[in-house]
file run.csv (CSV, C-alpha atoms and all ligand atoms)
chain,number,residue,atom,x,y,z
A,1,MET,CA,31.0,-46.1,-16.6
A,2,ALA,CA,27.6,-44.7,-15.7
A,3,ASP,CA,26.4,-41.7,-17.7
A,4,THR,CA,26.8,-38.3,-16.0
A,5,ILE,CA,23.7,-36.2,-15.4
A,6,PHE,CA,24.9,-33.9,-18.2
A,7,LYS,CA,25.1,-36.8,-20.7
A,8,LYS,CA,21.5,-37.6,-19.8
A,9,ILE,CA,20.6,-34.0,-20.5
A,10,ILE,CA,22.4,-34.2,-23.9
A,11,ASN,CA,20.5,-37.4,-24.7
A,12,LYS,CA,17.2,-35.7,-23.6
A,13,GLU,CA,16.7,-38.5,-21.0
A,14,ILE,CA,16.2,-35.9,-18.3
A,15,PRO,CA,14.8,-32.4,-18.8
A,16,ALA,CA,16.6,-29.1,-18.7
A,17,GLU,CA,15.8,-25.6,-19.7
A,18,ILE,CA,17.9,-25.3,-22.8
A,19,VAL,CA,18.9,-21.8,-23.9
A,20,PHE,CA,21.3,-22.6,-26.7
A,21,GLU,CA,22.2,-25.6,-28.9
A,22,SER,CA,24.5,-26.2,-31.8
A,23,ASP,CA,26.0,-29.4,-33.3
A,24,SER,CA,28.8,-29.4,-30.7
A,25,ILE,CA,27.5,-27.3,-27.7
A,26,LEU,CA,24.5,-27.4,-25.4
A,27,ALA,CA,23.7,-24.7,-22.8
A,28,PHE,CA,21.0,-24.9,-20.1
A,29,ARG,CA,20.0,-23.2,-16.8
A,30,ASP,CA,21.6,-24.5,-13.7
A,31,ILE,CA,19.1,-26.4,-11.5
A,32,ASN,CA,20.5,-24.6,-8.4
A,33,PRO,CA,21.3,-21.1,-9.6
A,34,LYS,CA,24.0,-19.0,-7.7
A,35,ALA,CA,23.1,-15.8,-9.6
A,36,PRO,CA,20.0,-14.4,-11.3
A,37,THR,CA,21.4,-15.8,-14.6
A,38,HIS,CA,23.3,-19.1,-14.2
A,39,ILE,CA,23.8,-21.1,-17.3
A,40,LEU,CA,25.9,-24.2,-17.9
A,41,ILE,CA,27.7,-24.4,-21.3
A,42,ILE,CA,28.9,-27.9,-22.2
A,43,PRO,CA,30.4,-29.7,-25.1
A,44,LYS,CA,28.3,-32.6,-26.4
A,45,ILE,CA,31.4,-34.8,-26.5
A,46,GLU,CA,32.4,-36.3,-23.2
A,47,ILE,CA,35.5,-34.6,-21.7
A,48,PRO,CA,35.6,-35.1,-17.9
A,49,THR,CA,37.7,-32.1,-16.8
A,50,VAL,CA,40.0,-29.3,-17.9
A,51,ARG,CA,42.9,-31.7,-17.4
A,52,GLU,CA,41.9,-33.6,-20.5
A,53,LEU,CA,41.9,-30.5,-22.6
A,54,SER,CA,44.7,-29.3,-24.9
A,55,GLY,CA,44.7,-26.0,-26.8
A,56,LYS,CA,45.9,-27.8,-29.9
A,57,GLU,CA,43.1,-30.4,-30.0
A,58,HIS,CA,40.3,-28.6,-28.4
A,59,GLY,CA,41.0,-24.9,-29.3
A,60,PRO,CA,38.1,-24.7,-31.8
A,61,LEU,CA,35.6,-26.3,-29.3
A,62,LEU,CA,36.7,-23.9,-26.5
A,63,GLY,CA,36.2,-21.1,-29.0
A,64,GLU,CA,32.7,-22.3,-29.7
A,65,MET,CA,32.0,-22.4,-25.9
A,66,ILE,CA,33.2,-18.7,-25.6
A,67,ASP,CA,31.1,-17.8,-28.7
A,68,ALA,CA,28.1,-19.5,-27.0
A,69,ALA,CA,28.7,-17.6,-23.8
A,70,ASN,CA,28.7,-14.3,-25.6
A,71,ILE,CA,25.5,-15.1,-27.5
A,72,ILE,CA,23.7,-16.3,-24.4
A,73,ALA,CA,24.9,-13.3,-22.3
A,74,LYS,CA,23.3,-11.0,-25.0
A,75,GLN,CA,20.1,-13.1,-25.0
A,76,GLU,CA,20.0,-12.9,-21.2
A,77,GLY,CA,20.6,-9.1,-21.2
A,78,ILE,CA,23.7,-9.3,-19.1
A,79,SER,CA,26.4,-8.7,-21.7
A,80,GLU,CA,26.9,-5.0,-21.2
A,81,ASP,CA,26.8,-5.0,-17.4
A,82,GLY,CA,29.3,-7.9,-17.3
A,83,PHE,CA,29.3,-11.5,-16.2
A,84,ARG,CA,31.6,-14.2,-15.0
A,85,LEU,CA,32.7,-17.5,-16.7
A,86,VAL,CA,34.0,-20.2,-14.4
A,87,ILE,CA,35.3,-23.8,-15.0
A,88,ASN,CA,35.8,-25.8,-11.9
A,89,CYS,CA,38.4,-28.6,-12.2
A,90,GLY,CA,38.7,-31.6,-9.9
A,91,GLU,CA,38.0,-32.0,-6.2
A,92,LYS,CA,39.7,-28.9,-4.8
A,93,GLY,CA,38.4,-26.9,-7.8
A,94,GLY,CA,34.9,-27.7,-6.5
A,95,GLN,CA,33.8,-29.8,-9.6
A,96,GLU,CA,30.8,-32.0,-8.9
A,97,VAL,CA,29.8,-33.2,-12.4
A,98,TYR,CA,32.6,-34.8,-14.4
A,99,HIS,CA,31.5,-33.6,-17.8
A,100,LEU,CA,33.3,-30.4,-18.8
A,101,HIS,CA,31.2,-27.4,-18.2
A,102,MET,CA,31.6,-23.6,-18.1
A,103,HIS,CA,29.4,-21.6,-15.7
A,104,LEU,CA,28.0,-18.3,-17.1
A,105,LEU,CA,26.9,-16.2,-14.1
A,106,GLY,CA,25.4,-12.7,-14.2
A,107,GLY,CA,22.7,-10.4,-13.1
A,108,ARG,CA,24.3,-9.4,-9.8
A,109,GLN,CA,27.6,-7.9,-8.6
A,110,MET,CA,30.3,-10.7,-8.4
A,111,THR,CA,32.8,-10.7,-5.6
A,112,TRP,CA,36.4,-11.7,-5.5
A,113,PRO,CA,38.1,-13.9,-4.4
A,114,ALA,CA,35.7,-16.7,-5.3
A,115,GLY,CA,34.9,-18.9,-2.3
B,201,LIG,P1,30.4,-28.0,-10.8
B,201,LIG,O1,30.3,-27.9,-9.3
B,201,LIG,O2,30.6,-29.4,-11.2
B,201,LIG,O3,31.3,-27.0,-11.4
B,201,LIG,O4,28.9,-27.6,-11.3
B,201,LIG,C1,27.9,-28.5,-11.5
B,201,LIG,C2,26.6,-27.7,-11.6
B,201,LIG,O5,25.6,-28.5,-12.1
B,201,LIG,C3,26.1,-27.2,-10.2
B,201,LIG,O6,26.0,-25.8,-10.3
B,201,LIG,C4,24.7,-27.9,-10.1
B,201,LIG,O7,23.8,-27.0,-9.5
B,201,LIG,C5,24.4,-28.2,-11.5
B,201,LIG,N1,23.5,-29.4,-11.7
B,201,LIG,C6,23.7,-30.6,-11.1
B,201,LIG,N2,22.7,-31.4,-11.4
B,201,LIG,C7,21.9,-30.8,-12.4
B,201,LIG,C8,20.8,-31.2,-13.1
B,201,LIG,O8,20.3,-32.3,-13.1
B,201,LIG,N3,20.3,-30.2,-14.0
B,201,LIG,C9,20.8,-29.0,-14.1
B,201,LIG,N4,20.2,-28.1,-14.9
B,201,LIG,N5,21.9,-28.6,-13.4
B,201,LIG,C10,22.5,-29.5,-12.5

call {"tool": "encode", "arguments": {"input": "run.csv", "output": "structure tokens", "more": "lines below"}}
Ligand code: 5GP
result
Amino acid sequence: MADTIFKKIINKEIPAEIVFESDSILAFRDINPKAPTHILIIPKIEIPTVRELSGKEHGPLLGEMIDAANIIAKQEGISEDGFRLVINCGEKGGQEVYHLHMHLLGGRQMTWPAG
């Protein structure tokens, strides 16, 4: 199967504005931001969607993604005002890139329900 665009970013084959990196996590600015701060937090291992996740197997990795979100929110100065974390899953969930990713959105008032 062809590499996803995010796999190419992990491999540094295409550029991205990286804001956080650890052994297991990469985070970079969304190319088409939907808010003043819009960061994508991804695991370096390939997991296509939330459907392939289990708490038992991936709990520590998901915890690292949340830790990364908190670190980045502080870095970006949006932690105190608040922010939104989103994971789209599958076609009706609005997922476009089939490499698990969490959106970190902030810097403006979010509305609900999401579109
Ligand atoms: P999804 O709709 O799958 O939840 O979100 C995919 C996100 O990836 C979109 O917000 C889109 O703007 C972003 N994106 C797609 N291609 C690229 C790229 O090449 N670089 C970066 N930085 N973001 C991308």

call {"tool": "atom_distance", "arguments": {"input": "run.csv", "atom1": "atom N3 of ligand LIG 201 (chain B)", "atom2": "atom CA of A:Ile47"}}
result
17.6 Å

call {"tool": "closest_residue", "arguments": {"input": "run.csv", "among": "A:Ile66, A:Ile10, A:Ala35, A:Leu40", "to": "ligand LIG 201 (chain B)", "atoms": "all atoms listed in the file"}}
result
A:Leu40

call {"tool": "residues_near_ligand", "arguments": {"input": "run.csv", "ligand": "ligand LIG 201 (chain B)", "cutoff": "6 Å", "atoms": "only C-alpha atoms and all ligand atoms", "output": "list in words"}}
result
Ile5, Ala16, Arg29, Asp30, Ile31, Asn32, Asn88, Gly94, Gln95, Glu96 and Val97 of chain A

call {"tool": "closest_residue", "arguments": {"input": "run.csv", "among": "A:Gln109, A:His99, A:Val50, A:Lys74", "to": "A:Lys7", "atoms": "only C-alpha atoms"}}
result
A:His99

call {"tool": "closest_residue", "arguments": {"input": "run.csv", "among": "A:Lys44, A:Lys56, A:His38, A:His103", "to": "A:Ser24", "atoms": "all atoms listed in the file"}}
result
A:Lys44
